[in-house]
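Everything below concerns the one structure shown next.
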Amino acid sequence: MQNSAFSIHFVVNSLVTLLHYVPITLLITALSICLGLVLGLFVTIGQLVPNRVLNGLSIGFIALMRGTPMLLLLLLIYYGLPLLLQSFAIDISGWNQVVFAILALSINISAYFSETMRSAYSAISADQYEAGLSVGMSNKRIISRIIVPQATAIALPNIGNSMISIIKHSSLVYAIGITDIYQQAQTVASSTFGMRQLEVFVAVALIYWMICILVERIIAVIEGRFSYLR
């Protein structure tokens, strides 16, 4: 009979196996964050411009995304978007699952990024803008040299938290057939007939923990560069 005692050796072996699937997780996470930041910026602009329609659409989008479970959104994008576009004679059924995963994750995280950007912008005193005008700066220069750097410094901690959340949410992409860290962990656990599930998922936890620590350190370094603006 197989020894049921916890095995550090199996944890190490699982780590070695699962580390091969870290790149796909990092790829999905990185592209989702980049696209999410761009989408979040547009949603933020939609909230701030003096236009009731854009304001309402932006607020509604944020409420919808914050109230929709990530797994549900992933499945809706993967199964629903191709069907929706087929009605317009657009066929995306041949797209790779990774594309759908990135779309779902980026759309979800853009709502959180948008709220972070909006609150950071709102935290900047109007006196800052007036001070720029008083020394003859143009609107474009005031925004690029005064508003954006200070808003970035304020937003970075919450952006970092959202980035860590999306790293953890990326573990859900197994649901649409992507072989990432979590999907492979399930395969490894199944190969032991459940006898080594604990060791396998401890290995998974360690990998996600290490990735999150790395992101935290990167954000901390960037925050340090902007600390003089606080």
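Labeling convention for the structure tokens: chains A, B, ... as they appear, residues from 1 per chain, ligands from 1 in order of appearance.
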
task = Tell me, as a PyMOL selection string, which residues lie within 9 Å of region 22-24 of chain A, counting only C-alpha atoms; anything in the same chain fewer than 5 positions away does not count.
result = chain A and resi 29+98+178-181+207

Please write the residues from the selection above to a file, keeping N, CA and C atoms, as an mmCIF file, in the first residue's frame.
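So the final result, stored in selection_30.cif, reads:
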```cif
data_model
loop_
_atom_site.group_PDB
_atom_site.id
_atom_site.type_symbol
_atom_site.label_atom_id
_atom_site.label_comp_id
_atom_site.auth_asym_id
_atom_site.auth_seq_id
_atom_site.Cartn_x
_atom_site.Cartn_y
_atom_site.Cartn_z
ATOM 1 N N THR A 29 -1.690 36.408 -17.503
ATOM 2 C CA THR A 29 -1.796 37.457 -16.485
ATOM 3 C C THR A 29 -1.268 38.786 -16.999
ATOM 4 N N VAL A 98 -6.702 30.814 -25.095
ATOM 5 C CA VAL A 98 -5.937 31.831 -24.365
ATOM 6 C C VAL A 98 -6.486 33.225 -24.658
ATOM 7 N N ILE A 178 -7.625 25.315 -20.853
ATOM 8 C CA ILE A 178 -6.230 25.751 -20.911
ATOM 9 C C ILE A 178 -5.424 24.987 -19.874
ATOM 10 N N THR A 179 -4.318 24.401 -20.312
ATOM 11 C CA THR A 179 -3.467 23.656 -19.384
ATOM 12 C C THR A 179 -2.482 24.622 -18.737
ATOM 13 N N ASP A 180 -2.866 25.136 -17.594
ATOM 14 C CA ASP A 180 -2.012 26.042 -16.830
ATOM 15 C C ASP A 180 -1.543 25.317 -15.575
ATOM 16 N N ILE A 181 -1.054 26.062 -14.607
ATOM 17 C CA ILE A 181 -0.549 25.463 -13.368
ATOM 18 C C ILE A 181 -1.627 24.632 -12.685
ATOM 19 N N ILE A 207 3.752 28.055 -5.608
ATOM 20 C CA ILE A 207 4.056 28.730 -6.877
ATOM 21 C C ILE A 207 3.304 30.050 -6.976
#
```

key: Test item, alpha helix (DSSP H) assignment across region 7-144 of chain A, answer as an MDAnalysis selection string   = chainID A and resid 8:18 22:48 52:67 70:75 81:86 97:122 126:134 139:142

task = Report the distance between CA of Ile146 (chain A) and CA of Ala126 (chain A) in Å, rounded to one decimal place.
result =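 The value is 11.2 Å.
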
query = If you count only C-alpha atoms, which residues fall within 8 Å of region 160-172 of chain A, apart from same-chain ones fewer than 6 positions away, as an NGL selection string?
reply = :A and (25-26 or 28-29 or 33 or 70-71 or 105 or 109 or 112-113 or 180-183 or 208 or 212 or 215-216 or 219)

request  = Can you pull out every residue within 9 Å of region 54-64 of chain A, counting only C-alpha atoms, but drop anything in the same chain fewer than 5 positions away, and send it as a list in words?
outcome  = Phe42, Val43, Thr44, Ile45, Gly46, Gln47, Leu48, Val49, Asn108, Ser110, Ala111, Tyr112, Ser114 and Glu115 of chain A

Could those selected residues go to a file with N, CA and C atoms, as a PDB file, in the first residue's frame?
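That gives us selection-v4.pdb:
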```pdb
ATOM      1  N   PHE A  42     -10.132  53.991 -20.429  1.00  0.00           N
ATOM      2  CA  PHE A  42     -11.271  54.469 -21.209  1.00  0.00           C
ATOM      3  C   PHE A  42     -12.540  54.542 -20.353  1.00  0.00           C
ATOM      4  N   VAL A  43     -12.722  53.562 -19.472  1.00  0.00           N
ATOM      5  CA  VAL A  43     -13.894  53.579 -18.597  1.00  0.00           C
ATOM      6  C   VAL A  43     -13.796  54.748 -17.617  1.00  0.00           C
ATOM      7  N   THR A  44     -12.585  55.024 -17.136  1.00  0.00           N
ATOM      8  CA  THR A  44     -12.378  56.170 -16.243  1.00  0.00           C
ATOM      9  C   THR A  44     -12.735  57.473 -16.936  1.00  0.00           C
ATOM     10  N   ILE A  45     -12.281  57.617 -18.168  1.00  0.00           N
ATOM     11  CA  ILE A  45     -12.607  58.814 -18.945  1.00  0.00           C
ATOM     12  C   ILE A  45     -14.121  58.931 -19.109  1.00  0.00           C
ATOM     13  N   GLY A  46     -14.763  57.782 -19.345  1.00  0.00           N
ATOM     14  CA  GLY A  46     -16.218  57.773 -19.476  1.00  0.00           C
ATOM     15  C   GLY A  46     -16.918  58.243 -18.216  1.00  0.00           C
ATOM     16  N   GLN A  47     -16.302  57.994 -17.063  1.00  0.00           N
ATOM     17  CA  GLN A  47     -16.893  58.446 -15.796  1.00  0.00           C
ATOM     18  C   GLN A  47     -16.682  59.933 -15.561  1.00  0.00           C
ATOM     19  N   LEU A  48     -15.579  60.468 -16.074  1.00  0.00           N
ATOM     20  CA  LEU A  48     -15.179  61.827 -15.727  1.00  0.00           C
ATOM     21  C   LEU A  48     -15.669  62.888 -16.712  1.00  0.00           C
ATOM     22  N   VAL A  49     -15.908  62.504 -17.967  1.00  0.00           N
ATOM     23  CA  VAL A  49     -16.337  63.503 -18.953  1.00  0.00           C
ATOM     24  C   VAL A  49     -17.754  63.983 -18.626  1.00  0.00           C
ATOM     25  N   ASN A 108     -12.838  42.032 -16.811  1.00  0.00           N
ATOM     26  CA  ASN A 108     -13.172  42.037 -15.388  1.00  0.00           C
ATOM     27  C   ASN A 108     -12.291  43.013 -14.611  1.00  0.00           C
ATOM     28  N   SER A 110     -10.579  45.497 -15.628  1.00  0.00           N
ATOM     29  CA  SER A 110     -10.647  46.897 -16.058  1.00  0.00           C
ATOM     30  C   SER A 110     -11.605  47.700 -15.186  1.00  0.00           C
ATOM     31  N   ALA A 111     -12.652  47.058 -14.680  1.00  0.00           N
ATOM     32  CA  ALA A 111     -13.604  47.758 -13.814  1.00  0.00           C
ATOM     33  C   ALA A 111     -12.929  48.192 -12.517  1.00  0.00           C
ATOM     34  N   TYR A 112     -12.089  47.325 -11.960  1.00  0.00           N
ATOM     35  CA  TYR A 112     -11.382  47.644 -10.717  1.00  0.00           C
ATOM     36  C   TYR A 112     -10.292  48.687 -10.969  1.00  0.00           C
ATOM     37  N   SER A 114     -10.407  50.925 -13.262  1.00  0.00           N
ATOM     38  CA  SER A 114     -11.097  52.184 -13.518  1.00  0.00           C
ATOM     39  C   SER A 114     -11.461  52.902 -12.227  1.00  0.00           C
ATOM     40  N   GLU A 115     -12.009  52.167 -11.272  1.00  0.00           N
ATOM     41  CA  GLU A 115     -12.359  52.770  -9.991  1.00  0.00           C
ATOM     42  C   GLU A 115     -11.125  53.289  -9.263  1.00  0.00           C
TER      43      GLU A 115
END
```

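The space separating CA of Arg225 (chain A) from CA of Leu37 (chain A) comes to 19.7 Å.
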
What lies within 12 Å of Tyr79 (chain A) using only C-alpha atoms, ignoring chain neighbours under 3 positions off, as a compact mmCIF listing (two decimals) with N, CA and C atoms, in the first residue's frame?
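In the end it all went to selection13.txt:
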```txt
# COMPACT_ATOMS: atom_id res chain seq x y z
N LEU A 72 -17.96 32.77 -14.08
CA LEU A 72 -19.14 32.95 -14.93
C LEU A 72 -18.81 33.83 -16.13
N LEU A 73 -18.08 34.91 -15.90
CA LEU A 73 -17.71 35.80 -17.01
C LEU A 73 -16.83 35.07 -18.01
N LEU A 74 -15.91 34.27 -17.51
CA LEU A 74 -15.02 33.49 -18.38
C LEU A 74 -15.83 32.56 -19.29
N LEU A 75 -16.80 31.88 -18.72
CA LEU A 75 -17.63 30.96 -19.49
C LEU A 75 -18.53 31.71 -20.48
N LEU A 76 -19.05 32.86 -20.06
CA LEU A 76 -19.89 33.66 -20.96
C LEU A 76 -19.09 34.14 -22.16
N PRO A 82 -18.65 33.91 -29.24
CA PRO A 82 -18.70 33.38 -30.62
C PRO A 82 -20.12 33.29 -31.16
N LEU A 83 -21.07 32.89 -30.31
CA LEU A 83 -22.46 32.80 -30.75
C LEU A 83 -23.03 34.17 -31.07
N LEU A 84 -22.69 35.16 -30.24
CA LEU A 84 -23.17 36.52 -30.47
C LEU A 84 -22.64 37.07 -31.79
N LEU A 85 -21.34 36.87 -32.04
CA LEU A 85 -20.74 37.43 -33.25
C LEU A 85 -21.15 36.67 -34.50
N GLN A 86 -21.57 35.41 -34.34
CA GLN A 86 -22.05 34.65 -35.49
C GLN A 86 -23.27 35.30 -36.11
N ILE A 92 -15.41 33.56 -34.85
CA ILE A 92 -14.20 33.54 -34.01
C ILE A 92 -14.07 32.20 -33.29
N SER A 93 -14.79 31.21 -33.79
CA SER A 93 -14.77 29.90 -33.13
C SER A 93 -13.39 29.25 -33.17
N TRP A 95 -10.57 30.78 -32.61
CA TRP A 95 -9.61 31.46 -31.75
C TRP A 95 -9.11 30.52 -30.65
N GLN A 97 -8.05 29.33 -26.97
CA GLN A 97 -8.69 29.57 -25.67
C GLN A 97 -7.99 30.66 -24.87
N PHE A 100 -9.58 34.07 -25.37
CA PHE A 100 -10.82 34.26 -24.61
C PHE A 100 -10.53 34.48 -23.12
N ALA A 101 -9.53 33.77 -22.61
CA ALA A 101 -9.15 33.95 -21.21
C ALA A 101 -8.66 35.37 -20.96
N ALA A 104 -11.62 37.84 -21.05
CA ALA A 104 -12.47 37.79 -19.85
C ALA A 104 -11.77 38.41 -18.65
N ALA A 175 -11.06 26.02 -16.75
CA ALA A 175 -12.47 25.72 -17.05
C ALA A 175 -12.77 25.77 -18.54
N ILE A 176 -11.92 26.42 -19.33
CA ILE A 176 -12.13 26.46 -20.78
C ILE A 176 -11.05 25.67 -21.51
```
